[in-house]
>>> print(open('run.pdb').read())   # PDB, C-alpha atoms, pLDDT in the B column
ATOM      1  CA  MET A1153     -12.310  50.314 113.866  1.00 51.00           C
ATOM      2  CA  SER A1154     -13.016  51.969 117.183  1.00 76.00           C
ATOM      3  CA  ALA A1155     -16.451  50.609 118.100  1.00 93.00           C
ATOM      4  CA  PRO A1156     -16.609  48.786 121.419  1.00 97.00           C
ATOM      5  CA  ARG A1157     -18.242  45.371 121.715  1.00 98.00           C
ATOM      6  CA  PHE A1158     -20.204  44.037 124.685  1.00 98.00           C
ATOM      7  CA  GLY A1159     -21.295  40.661 125.966  1.00 98.00           C
ATOM      8  CA  SER A1160     -21.913  38.532 129.013  1.00 98.00           C
ATOM      9  CA  LEU A1161     -20.169  35.429 130.276  1.00 97.00           C
ATOM     10  CA  ARG A1162     -23.664  34.121 131.056  1.00 94.00           C
ATOM     11  CA  ASP A1163     -24.186  33.730 127.302  1.00 94.00           C
ATOM     12  CA  GLY A1164     -22.526  30.864 125.482  1.00 92.00           C
ATOM     13  CA  PRO A1165     -22.997  27.551 123.737  1.00 87.00           C
ATOM     14  CA  SER A1166     -25.564  25.661 125.779  1.00 79.00           C
ATOM     15  CA  PRO A1167     -26.099  23.115 127.107  1.00 82.00           C
ATOM     16  CA  VAL A1168     -22.547  21.932 127.640  1.00 90.00           C
ATOM     17  CA  ALA A1169     -22.469  18.132 127.602  1.00 91.00           C
ATOM     18  CA  GLN A1170     -21.676  16.320 130.835  1.00 92.00           C
ATOM     19  CA  GLY A1171     -17.904  15.823 131.165  1.00 93.00           C
ATOM     20  CA  SER A1172     -17.019  18.297 128.426  1.00 93.00           C
ATOM     21  CA  GLU A1173     -15.910  21.890 127.839  1.00 94.00           C
ATOM     22  CA  THR A1174     -16.705  24.593 125.297  1.00 96.00           C
ATOM     23  CA  PHE A1175     -14.297  27.343 124.266  1.00 96.00           C
ATOM     24  CA  THR A1176     -15.457  30.678 122.818  1.00 97.00           C
ATOM     25  CA  GLU A1177     -13.049  33.407 121.726  1.00 98.00           C
ATOM     26  CA  LEU A1178     -14.265  36.814 122.900  1.00 98.00           C
ATOM     27  CA  ALA A1179     -11.433  39.067 121.718  1.00 97.00           C
ATOM     28  CA  HIS A1180      -7.916  38.967 120.315  1.00 96.00           C
ATOM     29  CA  ALA A1181      -5.215  41.515 119.521  1.00 94.00           C
ATOM     30  CA  GLY A1182      -1.431  41.574 119.243  1.00 93.00           C
ATOM     31  CA  GLY A1183      -1.086  37.821 119.640  1.00 95.00           C
ATOM     32  CA  ALA A1184      -3.115  37.652 122.873  1.00 97.00           C
ATOM     33  CA  ARG A1185      -6.566  36.067 123.150  1.00 98.00           C
ATOM     34  CA  VAL A1186      -9.410  36.249 125.644  1.00 98.00           C
ATOM     35  CA  GLU A1187     -11.657  33.222 125.808  1.00 98.00           C
ATOM     36  CA  ARG A1188     -14.761  32.054 127.653  1.00 98.00           C
ATOM     37  CA  ILE A1189     -14.634  28.449 128.841  1.00 97.00           C
ATOM     38  CA  ALA A1190     -17.670  26.548 130.092  1.00 97.00           C
ATOM     39  CA  SER A1191     -17.063  23.176 131.736  1.00 96.00           C
ATOM     40  CA  ARG A1192     -19.600  20.679 133.029  1.00 96.00           C
ATOM     41  CA  ALA A1193     -18.569  17.969 135.489  1.00 95.00           C
ATOM     42  CA  VAL A1194     -15.136  17.468 133.922  1.00 93.00           C
ATOM     43  CA  ARG A1195     -13.130  14.561 135.347  1.00 95.00           C
ATOM     44  CA  GLN A1196      -9.428  14.151 134.597  1.00 93.00           C
ATOM     45  CA  GLY A1197      -9.253  16.564 131.667  1.00 92.00           C
ATOM     46  CA  GLU A1198      -6.457  16.321 129.136  1.00 93.00           C
ATOM     47  CA  TRP A1199      -2.958  17.593 129.926  1.00 97.00           C
ATOM     48  CA  TYR A1200      -1.843  20.919 128.436  1.00 95.00           C
ATOM     49  CA  GLU A1201       1.704  22.155 127.990  1.00 95.00           C
ATOM     50  CA  GLN A1202       1.603  25.400 126.043  1.00 94.00           C
ATOM     51  CA  GLY A1203       4.279  27.607 124.517  1.00 94.00           C
ATOM     52  CA  TRP A1204       2.612  30.663 126.055  1.00 96.00           C
ATOM     53  CA  ALA A1205       1.508  31.826 129.470  1.00 97.00           C
ATOM     54  CA  GLU A1206      -2.170  31.632 130.420  1.00 98.00           C
ATOM     55  CA  PHE A1207      -4.209  33.438 133.058  1.00 98.00           C
ATOM     56  CA  VAL A1208      -7.510  31.922 134.157  1.00 98.00           C
ATOM     57  CA  LEU A1209     -10.210  33.415 136.369  1.00 98.00           C
ATOM     58  CA  LEU A1210     -12.866  31.144 137.793  1.00 98.00           C
ATOM     59  CA  VAL A1211     -16.125  33.078 137.495  1.00 98.00           C
ATOM     60  CA  GLN A1212     -18.809  30.539 138.452  1.00 97.00           C
ATOM     61  CA  GLY A1213     -18.794  26.980 139.805  1.00 97.00           C
ATOM     62  CA  GLY A1214     -15.621  25.348 141.064  1.00 98.00           C
ATOM     63  CA  ALA A1215     -12.590  23.471 139.788  1.00 98.00           C
ATOM     64  CA  ILE A1216      -9.395  21.702 140.713  1.00 98.00           C
ATOM     65  CA  LEU A1217      -6.255  22.290 138.630  1.00 98.00           C
ATOM     66  CA  ALA A1218      -3.570  19.602 138.745  1.00 98.00           C
ATOM     67  CA  PHE A1219       0.110  19.934 137.893  1.00 97.00           C
ATOM     68  CA  ALA A1220       2.867  17.635 136.680  1.00 95.00           C
ATOM     69  CA  ASP A1221       4.598  17.650 140.084  1.00 95.00           C
ATOM     70  CA  GLY A1222       1.562  16.021 141.668  1.00 96.00           C
ATOM     71  CA  THR A1223       0.235  19.153 143.350  1.00 97.00           C
ATOM     72  CA  SER A1224      -3.265  20.475 142.845  1.00 97.00           C
ATOM     73  CA  HIS A1225      -5.132  23.678 143.595  1.00 98.00           C
ATOM     74  CA  ALA A1226      -8.847  24.272 144.144  1.00 98.00           C
ATOM     75  CA  LEU A1227     -10.488  27.360 142.611  1.00 98.00           C
ATOM     76  CA  SER A1228     -13.692  29.061 143.768  1.00 98.00           C
ATOM     77  CA  PRO A1229     -15.409  32.043 142.139  1.00 98.00           C
ATOM     78  CA  GLY A1230     -13.040  35.029 142.129  1.00 98.00           C
ATOM     79  CA  ASP A1231      -9.921  32.842 142.288  1.00 98.00           C
ATOM     80  CA  TRP A1232      -7.338  33.090 139.524  1.00 98.00           C
ATOM     81  CA  ALA A1233      -4.264  31.162 138.394  1.00 98.00           C
ATOM     82  CA  HIS A1234      -1.338  32.313 136.292  1.00 98.00           C
ATOM     83  CA  LEU A1235       0.233  29.442 134.377  1.00 97.00           C
ATOM     84  CA  PRO A1236       3.626  30.260 132.855  1.00 96.00           C
ATOM     85  CA  ALA A1237       4.548  28.892 129.441  1.00 95.00           C
ATOM     86  CA  LYS A1238       5.504  25.186 129.638  1.00 94.00           C
ATOM     87  CA  CYS A1239       3.650  24.732 132.921  1.00 95.00           C
ATOM     88  CA  ARG A1240       2.084  21.316 132.408  1.00 96.00           C
ATOM     89  CA  HIS A1241      -1.427  21.287 133.855  1.00 97.00           C
ATOM     90  CA  ARG A1242      -4.887  19.868 133.535  1.00 97.00           C
ATOM     91  CA  VAL A1243      -8.367  20.336 134.914  1.00 97.00           C
ATOM     92  CA  ALA A1244      -8.666  17.475 137.402  1.00 97.00           C
ATOM     93  CA  ALA A1245     -12.325  18.222 138.109  1.00 97.00           C
ATOM     94  CA  THR A1246     -15.065  20.831 137.840  1.00 97.00           C
ATOM     95  CA  ALA A1247     -18.229  21.132 139.928  1.00 97.00           C
ATOM     96  CA  ALA A1248     -20.578  18.157 139.579  1.00 95.00           C
ATOM     97  CA  ASP A1249     -23.646  20.394 139.362  1.00 94.00           C
ATOM     98  CA  GLY A1250     -24.164  23.144 136.815  1.00 93.00           C
ATOM     99  CA  GLU A1251     -21.662  24.865 134.585  1.00 96.00           C
ATOM    100  CA  THR A1252     -18.262  26.102 135.666  1.00 97.00           C
ATOM    101  CA  ILE A1253     -17.439  29.322 133.807  1.00 97.00           C
ATOM    102  CA  TRP A1254     -13.910  30.620 133.278  1.00 98.00           C
ATOM    103  CA  LEU A1255     -12.327  33.615 131.644  1.00 98.00           C
ATOM    104  CA  ALA A1256      -8.983  32.653 130.097  1.00 98.00           C
ATOM    105  CA  VAL A1257      -6.298  34.994 128.799  1.00 98.00           C
ATOM    106  CA  HIS A1258      -3.739  33.458 126.453  1.00 98.00           C
ATOM    107  CA  PHE A1259      -0.648  35.657 126.357  1.00 97.00           C
ATOM    108  CA  PRO A1260       1.367  36.006 123.126  1.00 96.00           C
ATOM    109  CA  PRO A1261       3.597  32.963 122.494  1.00 91.00           C
ATOM    110  CA  GLU A1262       7.151  33.478 123.756  1.00 77.00           C
ATOM    111  CA  ALA A1263       9.772  34.245 121.138  1.00 67.00           C
TER     112      ALA A1263
ATOM    113  CA  MET B1041      10.250  29.621 135.590  1.00 51.00           C
ATOM    114  CA  SER B1042       7.346  27.225 135.382  1.00 76.00           C
ATOM    115  CA  ALA B1043       5.706  27.587 138.787  1.00 92.00           C
ATOM    116  CA  PRO B1044       2.073  28.659 138.712  1.00 97.00           C
ATOM    117  CA  ARG B1045       0.809  31.511 140.880  1.00 98.00           C
ATOM    118  CA  PHE B1046      -2.609  31.801 142.506  1.00 98.00           C
ATOM    119  CA  GLY B1047      -4.722  34.554 143.977  1.00 98.00           C
ATOM    120  CA  SER B1048      -8.219  35.882 144.441  1.00 98.00           C
ATOM    121  CA  LEU B1049      -9.897  39.000 143.108  1.00 97.00           C
ATOM    122  CA  ARG B1050     -11.392  39.348 146.601  1.00 94.00           C
ATOM    123  CA  ASP B1051      -7.907  40.309 147.828  1.00 94.00           C
ATOM    124  CA  GLY B1052      -6.544  43.744 147.063  1.00 92.00           C
ATOM    125  CA  PRO B1053      -5.658  47.159 148.427  1.00 87.00           C
ATOM    126  CA  SER B1054      -8.378  48.036 150.914  1.00 79.00           C
ATOM    127  CA  PRO B1055     -10.280  50.116 151.681  1.00 82.00           C
ATOM    128  CA  VAL B1056     -10.604  51.909 148.373  1.00 90.00           C
ATOM    129  CA  ALA B1057     -11.389  55.578 149.003  1.00 91.00           C
ATOM    130  CA  GLN B1058     -14.808  56.878 148.027  1.00 92.00           C
ATOM    131  CA  GLY B1059     -14.741  58.113 144.437  1.00 93.00           C
ATOM    132  CA  SER B1060     -11.443  56.454 143.578  1.00 93.00           C
ATOM    133  CA  GLU B1061      -9.947  53.356 141.931  1.00 94.00           C
ATOM    134  CA  THR B1062      -6.989  51.074 142.642  1.00 96.00           C
ATOM    135  CA  PHE B1063      -5.080  49.147 139.969  1.00 96.00           C
ATOM    136  CA  THR B1064      -3.100  45.979 140.731  1.00 97.00           C
ATOM    137  CA  GLU B1065      -1.130  44.097 138.075  1.00 98.00           C
ATOM    138  CA  LEU B1066      -1.687  40.360 138.409  1.00 98.00           C
ATOM    139  CA  ALA B1067       0.327  39.039 135.453  1.00 97.00           C
ATOM    140  CA  HIS B1068       2.113  40.171 132.319  1.00 96.00           C
ATOM    141  CA  ALA B1069       3.791  38.463 129.368  1.00 94.00           C
ATOM    142  CA  GLY B1070       4.573  39.285 125.748  1.00 93.00           C
ATOM    143  CA  GLY B1071       3.408  42.877 126.045  1.00 95.00           C
ATOM    144  CA  ALA B1072      -0.018  41.983 127.475  1.00 97.00           C
ATOM    145  CA  ARG B1073      -1.080  42.696 131.060  1.00 98.00           C
ATOM    146  CA  VAL B1074      -3.827  41.434 133.348  1.00 98.00           C
ATOM    147  CA  GLU B1075      -4.938  43.806 136.062  1.00 98.00           C
ATOM    148  CA  ARG B1076      -7.387  43.893 138.962  1.00 98.00           C
ATOM    149  CA  ILE B1077      -9.305  47.159 139.302  1.00 97.00           C
ATOM    150  CA  ALA B1078     -11.333  48.079 142.390  1.00 97.00           C
ATOM    151  CA  SER B1079     -13.583  51.148 142.134  1.00 96.00           C
ATOM    152  CA  ARG B1080     -15.708  52.732 144.821  1.00 96.00           C
ATOM    153  CA  ALA B1081     -18.538  55.091 143.915  1.00 95.00           C
ATOM    154  CA  VAL B1082     -16.691  56.618 140.953  1.00 93.00           C
ATOM    155  CA  ARG B1083     -18.445  59.571 139.320  1.00 95.00           C
ATOM    156  CA  GLN B1084     -17.338  60.933 135.948  1.00 93.00           C
ATOM    157  CA  GLY B1085     -13.934  59.214 135.833  1.00 92.00           C
ATOM    158  CA  GLU B1086     -11.193  60.524 133.631  1.00 93.00           C
ATOM    159  CA  TRP B1087     -11.204  59.929 129.867  1.00 97.00           C
ATOM    160  CA  TYR B1088      -8.888  57.263 128.432  1.00 95.00           C
ATOM    161  CA  GLU B1089      -7.722  56.944 124.835  1.00 94.00           C
ATOM    162  CA  GLN B1090      -5.144  54.172 124.673  1.00 94.00           C
ATOM    163  CA  GLY B1091      -2.819  52.942 121.943  1.00 94.00           C
ATOM    164  CA  TRP B1092      -3.866  49.362 122.706  1.00 96.00           C
ATOM    165  CA  ALA B1093      -7.060  47.354 122.963  1.00 97.00           C
ATOM    166  CA  GLU B1094      -8.504  46.552 126.380  1.00 98.00           C
ATOM    167  CA  PHE B1095     -10.932  43.880 127.551  1.00 98.00           C
ATOM    168  CA  VAL B1096     -12.753  44.392 130.843  1.00 98.00           C
ATOM    169  CA  LEU B1097     -14.916  41.960 132.791  1.00 98.00           C
ATOM    170  CA  LEU B1098     -17.141  43.295 135.546  1.00 98.00           C
ATOM    171  CA  VAL B1099     -16.860  40.777 138.389  1.00 98.00           C
ATOM    172  CA  GLN B1100     -18.698  42.453 141.285  1.00 97.00           C
ATOM    173  CA  GLY B1101     -20.773  45.613 141.703  1.00 97.00           C
ATOM    174  CA  GLY B1102     -21.933  47.635 138.728  1.00 98.00           C
ATOM    175  CA  ALA B1103     -20.704  50.331 136.362  1.00 98.00           C
ATOM    176  CA  ILE B1104     -21.567  52.557 133.448  1.00 98.00           C
ATOM    177  CA  LEU B1105     -19.021  53.063 130.667  1.00 98.00           C
ATOM    178  CA  ALA B1106     -19.361  56.209 128.558  1.00 98.00           C
ATOM    179  CA  PHE B1107     -17.982  56.866 125.080  1.00 97.00           C
ATOM    180  CA  ALA B1108     -16.946  59.898 123.066  1.00 95.00           C
ATOM    181  CA  ASP B1109     -20.015  59.656 120.783  1.00 95.00           C
ATOM    182  CA  GLY B1110     -22.288  60.239 123.772  1.00 96.00           C
ATOM    183  CA  THR B1111     -23.429  56.629 124.165  1.00 97.00           C
ATOM    184  CA  SER B1112     -23.098  54.697 127.391  1.00 97.00           C
ATOM    185  CA  HIS B1113     -23.367  51.058 128.460  1.00 98.00           C
ATOM    186  CA  ALA B1114     -24.256  49.570 131.849  1.00 98.00           C
ATOM    187  CA  LEU B1115     -22.309  46.549 133.107  1.00 98.00           C
ATOM    188  CA  SER B1116     -23.478  43.996 135.686  1.00 98.00           C
ATOM    189  CA  PRO B1117     -21.473  41.060 137.079  1.00 98.00           C
ATOM    190  CA  GLY B1118     -20.499  38.733 134.239  1.00 98.00           C
ATOM    191  CA  ASP B1119     -20.724  41.473 131.603  1.00 98.00           C
ATOM    192  CA  TRP B1120     -17.672  42.322 129.526  1.00 98.00           C
ATOM    193  CA  ALA B1121     -16.592  45.049 127.126  1.00 98.00           C
ATOM    194  CA  HIS B1122     -13.923  44.997 124.431  1.00 98.00           C
ATOM    195  CA  LEU B1123     -12.492  48.445 123.798  1.00 97.00           C
ATOM    196  CA  PRO B1124     -10.389  48.696 120.620  1.00 96.00           C
ATOM    197  CA  ALA B1125      -7.267  50.847 120.577  1.00 95.00           C
ATOM    198  CA  LYS B1126      -8.145  54.569 120.317  1.00 94.00           C
ATOM    199  CA  CYS B1127     -11.670  53.981 121.632  1.00 95.00           C
ATOM    200  CA  ARG B1128     -12.122  57.000 123.868  1.00 96.00           C
ATOM    201  CA  HIS B1129     -13.992  55.996 127.016  1.00 97.00           C
ATOM    202  CA  ARG B1130     -14.447  56.648 130.676  1.00 97.00           C
ATOM    203  CA  VAL B1131     -16.128  55.180 133.720  1.00 97.00           C
ATOM    204  CA  ALA B1132     -19.202  57.384 134.115  1.00 97.00           C
ATOM    205  CA  ALA B1133     -20.199  55.734 137.390  1.00 97.00           C
ATOM    206  CA  THR B1134     -19.726  52.675 139.584  1.00 97.00           C
ATOM    207  CA  ALA B1135     -22.113  51.317 142.225  1.00 97.00           C
ATOM    208  CA  ALA B1136     -22.729  53.716 145.110  1.00 95.00           C
ATOM    209  CA  ASP B1137     -22.421  50.956 147.713  1.00 94.00           C
ATOM    210  CA  GLY B1138     -19.412  48.679 148.131  1.00 93.00           C
ATOM    211  CA  GLU B1139     -16.560  47.985 145.763  1.00 96.00           C
ATOM    212  CA  THR B1140     -16.891  47.342 142.070  1.00 97.00           C
ATOM    213  CA  ILE B1141     -14.281  44.786 140.997  1.00 97.00           C
ATOM    214  CA  TRP B1142     -13.040  44.417 137.435  1.00 98.00           C
ATOM    215  CA  LEU B1143     -10.589  42.198 135.623  1.00 98.00           C
ATOM    216  CA  ALA B1144      -8.873  44.143 132.840  1.00 98.00           C
ATOM    217  CA  VAL B1145      -6.743  42.734 130.032  1.00 98.00           C
ATOM    218  CA  HIS B1146      -4.480  45.201 128.245  1.00 98.00           C
ATOM    219  CA  PHE B1147      -3.502  43.794 124.870  1.00 97.00           C
ATOM    220  CA  PRO B1148      -0.047  44.493 123.419  1.00 96.00           C
ATOM    221  CA  PRO B1149       0.215  48.005 121.931  1.00 91.00           C
ATOM    222  CA  GLU B1150      -0.449  48.063 118.199  1.00 77.00           C
ATOM    223  CA  ALA B1151       2.579  48.440 115.931  1.00 67.00           C
TER     224      ALA B1151
END
>>> encode(input="run.pdb", output="structure tokens")
Amino acid sequence: MSAPRFGSLRDGPSPVAQGSETFTELAHAGGARVERIASRAVRQGEWYEQGWAEFVLLVQGGAILAFADGTSHALSPGDWAHLPAKCRHRVAATAADGETIWLAVHFPPEA
Amino acid sequence: MSAPRFGSLRDGPSPVAQGSETFTELAHAGGARVERIASRAVRQGEWYEQGWAEFVLLVQGGAILAFADGTSHALSPGDWAHLPAKCRHRVAATAADGETIWLAVHFPPEA
């Protein structure tokens, strides 16, 4: 099993419905997962509080992440966020026009 | 330890010397690592054969990955490659002009 695989973040389930997100696993190994996320005009997404750390890179579009302490953080293409395990967060908004594309890395769950 | 961290792939060691690469760890957890790589006009980079799988996303610039069987694969922004453990590969070239920026995910080493 040593053959590489290739793809593009431009390819994915399409069209993404207004206000929703699609999640596509691209690779996994050793308990870690890499995922493509496509969001369209999300408003007040659901809260997440995971038992593992997550790294997200905003590739296209724009988004605002919100946290349980009331703070928020805007992301433009090239911006990333590292969310430790148990860091309660949600997507407060993504760009009104077009798709917002993310690459997400889910680290192995903590022991 | 639940505070998120933020950054941008636009920020990194600069300038990258002609023909060379810089590696910056952005996050790690559970044996997995996320890294920013900046390459400038690399030609015939060194061969890698790792005991873990790696996922790379080309974010800016362009590159050609080469493999031990003689095949190669060109990457443009948004393109990704998943390299299983033991998949011998190297960067054959990156764009002659400007920096090529990658996000690399190193999965936990296989048992």
>>> atom_distance(input="run.pdb", atom1="atom CA of A:Ala1184", atom2="atom CA of A:Arg1242")
20.8 Å
>>> calpha_fit_and_write(input="run.pdb", fixed="chain B", moving="chain A", output="CSV table (one decimal) with C-alpha atoms, in the coordinates of the input")
chain,number,residue,atom,x,y,z
A,1153,MET,CA,10.3,29.5,135.6
A,1154,SER,CA,7.3,27.2,135.4
A,1155,ALA,CA,5.7,27.6,138.8
A,1156,PRO,CA,2.1,28.7,138.7
A,1157,ARG,CA,0.8,31.5,140.9
A,1158,PHE,CA,-2.6,31.8,142.5
A,1159,GLY,CA,-4.7,34.6,144.0
A,1160,SER,CA,-8.2,35.9,144.4
A,1161,LEU,CA,-9.9,39.0,143.1
A,1162,ARG,CA,-11.4,39.3,146.6
A,1163,ASP,CA,-7.9,40.3,147.8
A,1164,GLY,CA,-6.6,43.8,147.1
A,1165,PRO,CA,-5.7,47.2,148.4
A,1166,SER,CA,-8.4,48.0,150.9
A,1167,PRO,CA,-10.3,50.1,151.7
A,1168,VAL,CA,-10.6,51.9,148.4
A,1169,ALA,CA,-11.4,55.6,149.0
A,1170,GLN,CA,-14.8,56.9,148.0
A,1171,GLY,CA,-14.7,58.1,144.4
A,1172,SER,CA,-11.4,56.4,143.6
A,1173,GLU,CA,-9.9,53.4,141.9
A,1174,THR,CA,-7.0,51.1,142.6
A,1175,PHE,CA,-5.1,49.2,140.0
A,1176,THR,CA,-3.1,46.0,140.7
A,1177,GLU,CA,-1.1,44.1,138.1
A,1178,LEU,CA,-1.7,40.4,138.4
A,1179,ALA,CA,0.3,39.0,135.5
A,1180,HIS,CA,2.1,40.2,132.3
A,1181,ALA,CA,3.8,38.5,129.4
A,1182,GLY,CA,4.6,39.3,125.7
A,1183,GLY,CA,3.4,42.9,126.0
A,1184,ALA,CA,0.0,42.0,127.5
A,1185,ARG,CA,-1.1,42.7,131.1
A,1186,VAL,CA,-3.8,41.4,133.4
A,1187,GLU,CA,-4.9,43.8,136.1
A,1188,ARG,CA,-7.4,43.9,139.0
A,1189,ILE,CA,-9.3,47.2,139.3
A,1190,ALA,CA,-11.3,48.1,142.4
A,1191,SER,CA,-13.6,51.1,142.1
A,1192,ARG,CA,-15.7,52.7,144.8
A,1193,ALA,CA,-18.5,55.1,143.9
A,1194,VAL,CA,-16.7,56.6,141.0
A,1195,ARG,CA,-18.4,59.6,139.3
A,1196,GLN,CA,-17.3,60.9,136.0
A,1197,GLY,CA,-13.9,59.2,135.8
A,1198,GLU,CA,-11.2,60.5,133.6
A,1199,TRP,CA,-11.2,59.9,129.9
A,1200,TYR,CA,-8.9,57.3,128.4
A,1201,GLU,CA,-7.7,56.9,124.8
A,1202,GLN,CA,-5.1,54.2,124.7
A,1203,GLY,CA,-2.8,52.9,121.9
A,1204,TRP,CA,-3.9,49.4,122.7
A,1205,ALA,CA,-7.1,47.4,123.0
A,1206,GLU,CA,-8.5,46.6,126.4
A,1207,PHE,CA,-10.9,43.9,127.6
A,1208,VAL,CA,-12.8,44.4,130.8
A,1209,LEU,CA,-14.9,42.0,132.8
A,1210,LEU,CA,-17.1,43.3,135.5
A,1211,VAL,CA,-16.9,40.8,138.4
A,1212,GLN,CA,-18.7,42.5,141.3
A,1213,GLY,CA,-20.8,45.6,141.7
A,1214,GLY,CA,-21.9,47.6,138.7
A,1215,ALA,CA,-20.7,50.3,136.4
A,1216,ILE,CA,-21.6,52.6,133.4
A,1217,LEU,CA,-19.0,53.1,130.7
A,1218,ALA,CA,-19.4,56.2,128.5
A,1219,PHE,CA,-18.0,56.9,125.1
A,1220,ALA,CA,-17.0,59.9,123.1
A,1221,ASP,CA,-20.0,59.6,120.8
A,1222,GLY,CA,-22.3,60.2,123.8
A,1223,THR,CA,-23.4,56.6,124.2
A,1224,SER,CA,-23.1,54.7,127.4
A,1225,HIS,CA,-23.4,51.1,128.5
A,1226,ALA,CA,-24.3,49.6,131.8
A,1227,LEU,CA,-22.3,46.5,133.1
A,1228,SER,CA,-23.5,44.0,135.7
A,1229,PRO,CA,-21.5,41.1,137.1
A,1230,GLY,CA,-20.5,38.7,134.2
A,1231,ASP,CA,-20.7,41.5,131.6
A,1232,TRP,CA,-17.7,42.3,129.5
A,1233,ALA,CA,-16.6,45.1,127.1
A,1234,HIS,CA,-13.9,45.0,124.4
A,1235,LEU,CA,-12.5,48.4,123.8
A,1236,PRO,CA,-10.4,48.7,120.6
A,1237,ALA,CA,-7.3,50.8,120.6
A,1238,LYS,CA,-8.2,54.6,120.3
A,1239,CYS,CA,-11.7,54.0,121.6
A,1240,ARG,CA,-12.1,57.0,123.9
A,1241,HIS,CA,-14.0,56.0,127.0
A,1242,ARG,CA,-14.4,56.6,130.7
A,1243,VAL,CA,-16.1,55.2,133.7
A,1244,ALA,CA,-19.2,57.4,134.1
A,1245,ALA,CA,-20.2,55.7,137.4
A,1246,THR,CA,-19.7,52.7,139.6
A,1247,ALA,CA,-22.1,51.3,142.2
A,1248,ALA,CA,-22.7,53.7,145.1
A,1249,ASP,CA,-22.4,50.9,147.7
A,1250,GLY,CA,-19.4,48.7,148.1
A,1251,GLU,CA,-16.6,48.0,145.8
A,1252,THR,CA,-16.9,47.3,142.1
A,1253,ILE,CA,-14.3,44.8,141.0
A,1254,TRP,CA,-13.0,44.4,137.4
A,1255,LEU,CA,-10.6,42.2,135.6
A,1256,ALA,CA,-8.9,44.1,132.8
A,1257,VAL,CA,-6.7,42.7,130.0
A,1258,HIS,CA,-4.5,45.2,128.3
A,1259,PHE,CA,-3.5,43.8,124.9
A,1260,PRO,CA,0.0,44.5,123.4
A,1261,PRO,CA,0.2,48.0,121.9
A,1262,GLU,CA,-0.4,48.1,118.2
A,1263,ALA,CA,2.6,48.4,116.0
>>> closest_atom_pairs(input="run.pdb", of="chain B", to="chain A", cutoff="7 Å", atoms="all atoms listed in the file", output="tab-separated table")
residue	atom	partner	partner_atom	distance
B:Ser1042	CA	A:Cys1239	CA	5.1
B:Ala1043	CA	A:Pro1236	CA	6.8
B:Pro1044	CA	A:Leu1235	CA	4.8
B:Arg1045	CA	A:His1234	CA	5.1
B:Phe1046	CA	A:Ala1233	CA	4.5
B:Gly1047	CA	A:Trp1232	CA	5.4
B:Ser1048	CA	A:Asp1231	CA	4.1
B:Leu1049	CA	A:Gly1230	CA	5.2
B:Arg1050	CA	A:Gly1230	CA	6.4
B:Ala1067	CA	A:His1234	CA	7.0
B:Ala1069	CA	A:Phe1259	CA	6.1
B:Gly1070	CA	A:Pro1260	CA	5.3
B:Ala1072	CA	A:Phe1259	CA	6.5
B:Gly1118	CA	A:Leu1161	CA	5.2
B:Asp1119	CA	A:Ser1160	CA	4.1
B:Trp1120	CA	A:Gly1159	CA	5.3
B:Ala1121	CA	A:Phe1158	CA	4.5
B:His1122	CA	A:Arg1157	CA	5.1
B:Leu1123	CA	A:Pro1156	CA	4.8
B:Pro1124	CA	A:Ser1154	CA	5.4
B:Ala1125	CA	A:Ser1154	CA	6.8
B:Lys1126	CA	A:Ser1154	CA	6.3
B:Cys1127	CA	A:Ser1154	CA	5.1
B:Phe1147	CA	A:Ala1181	CA	6.1
B:Pro1148	CA	A:Gly1182	CA	5.3
B:Glu1150	CA	A:Gly1182	CA	6.6
>>> atom_distance(input="run.pdb", atom1="atom CA of B:Arg1076", atom2="atom CA of A:Glu1187")
17.5 Å
>>> resolve_selection(input="run.pdb", expression="the PyMOL selection byres ((chain B and resi 1103) around 8)", output="list in words")
Leu1098, Gly1101, Gly1102, Ile1104, Leu1105, Ala1114, Leu1115, Ser1116, Val1131, Ala1132, Ala1133, Thr1134, Ala1135 and Thr1140 of chain B
>>> write_last_selection(input="run.pdb", atoms="C-alpha atoms", output="mmCIF file, in the coordinates of the input")
data_model
loop_
_atom_site.group_PDB
_atom_site.id
_atom_site.type_symbol
_atom_site.label_atom_id
_atom_site.label_comp_id
_atom_site.auth_asym_id
_atom_site.auth_seq_id
_atom_site.Cartn_x
_atom_site.Cartn_y
_atom_site.Cartn_z
ATOM 1 C CA LEU B 1098 -17.141 43.295 135.546
ATOM 2 C CA GLY B 1101 -20.773 45.613 141.703
ATOM 3 C CA GLY B 1102 -21.933 47.635 138.728
ATOM 4 C CA ILE B 1104 -21.567 52.557 133.448
ATOM 5 C CA LEU B 1105 -19.021 53.063 130.667
ATOM 6 C CA ALA B 1114 -24.256 49.570 131.849
ATOM 7 C CA LEU B 1115 -22.309 46.549 133.107
ATOM 8 C CA SER B 1116 -23.478 43.996 135.686
ATOM 9 C CA VAL B 1131 -16.128 55.180 133.720
ATOM 10 C CA ALA B 1132 -19.202 57.384 134.115
ATOM 11 C CA ALA B 1133 -20.199 55.734 137.390
ATOM 12 C CA THR B 1134 -19.726 52.675 139.584
ATOM 13 C CA ALA B 1135 -22.113 51.317 142.225
ATOM 14 C CA THR B 1140 -16.891 47.342 142.070
#
>>> atom_distance(input="run.pdb", atom1="atom CA of B:Gln1058", atom2="atom CA of B:Val1082")
7.3 Å
>>> closest_residue(input="run.pdb", among="A:Asp1249, A:Gly1222, A:Trp1254, A:Phe1175", to="A:Arg1192", atoms="all atoms listed in the file")
A:Asp1249
>>> residues_near_point(input="run.pdb", point="(-11.5, 62.9, 137.7)", cutoff="10 Å", atoms="all atoms listed in the file", output="list in words")
Gly1059, Ser1060, Val1082, Arg1083, Gln1084, Gly1085, Glu1086, Trp1087, Arg1130 and Val1131 of chain B
>>> closest_residue(input="run.pdb", among="B:Gly1138, B:Ala1108, B:Ala1144, B:Gly1091", to="B:Ala1057", atoms="only C-alpha atoms")
B:Gly1138
>>> axis_aligned_box(input="run.pdb", around="stretch 1211-1227 of chain A", padding_each_side="3 Å", output="AutoDock Vina command-line options")
--center_x -7.1 --center_y 24.5 --center_z 140.4 --size_x 29.4 --size_y 23.1 --size_z 13.5
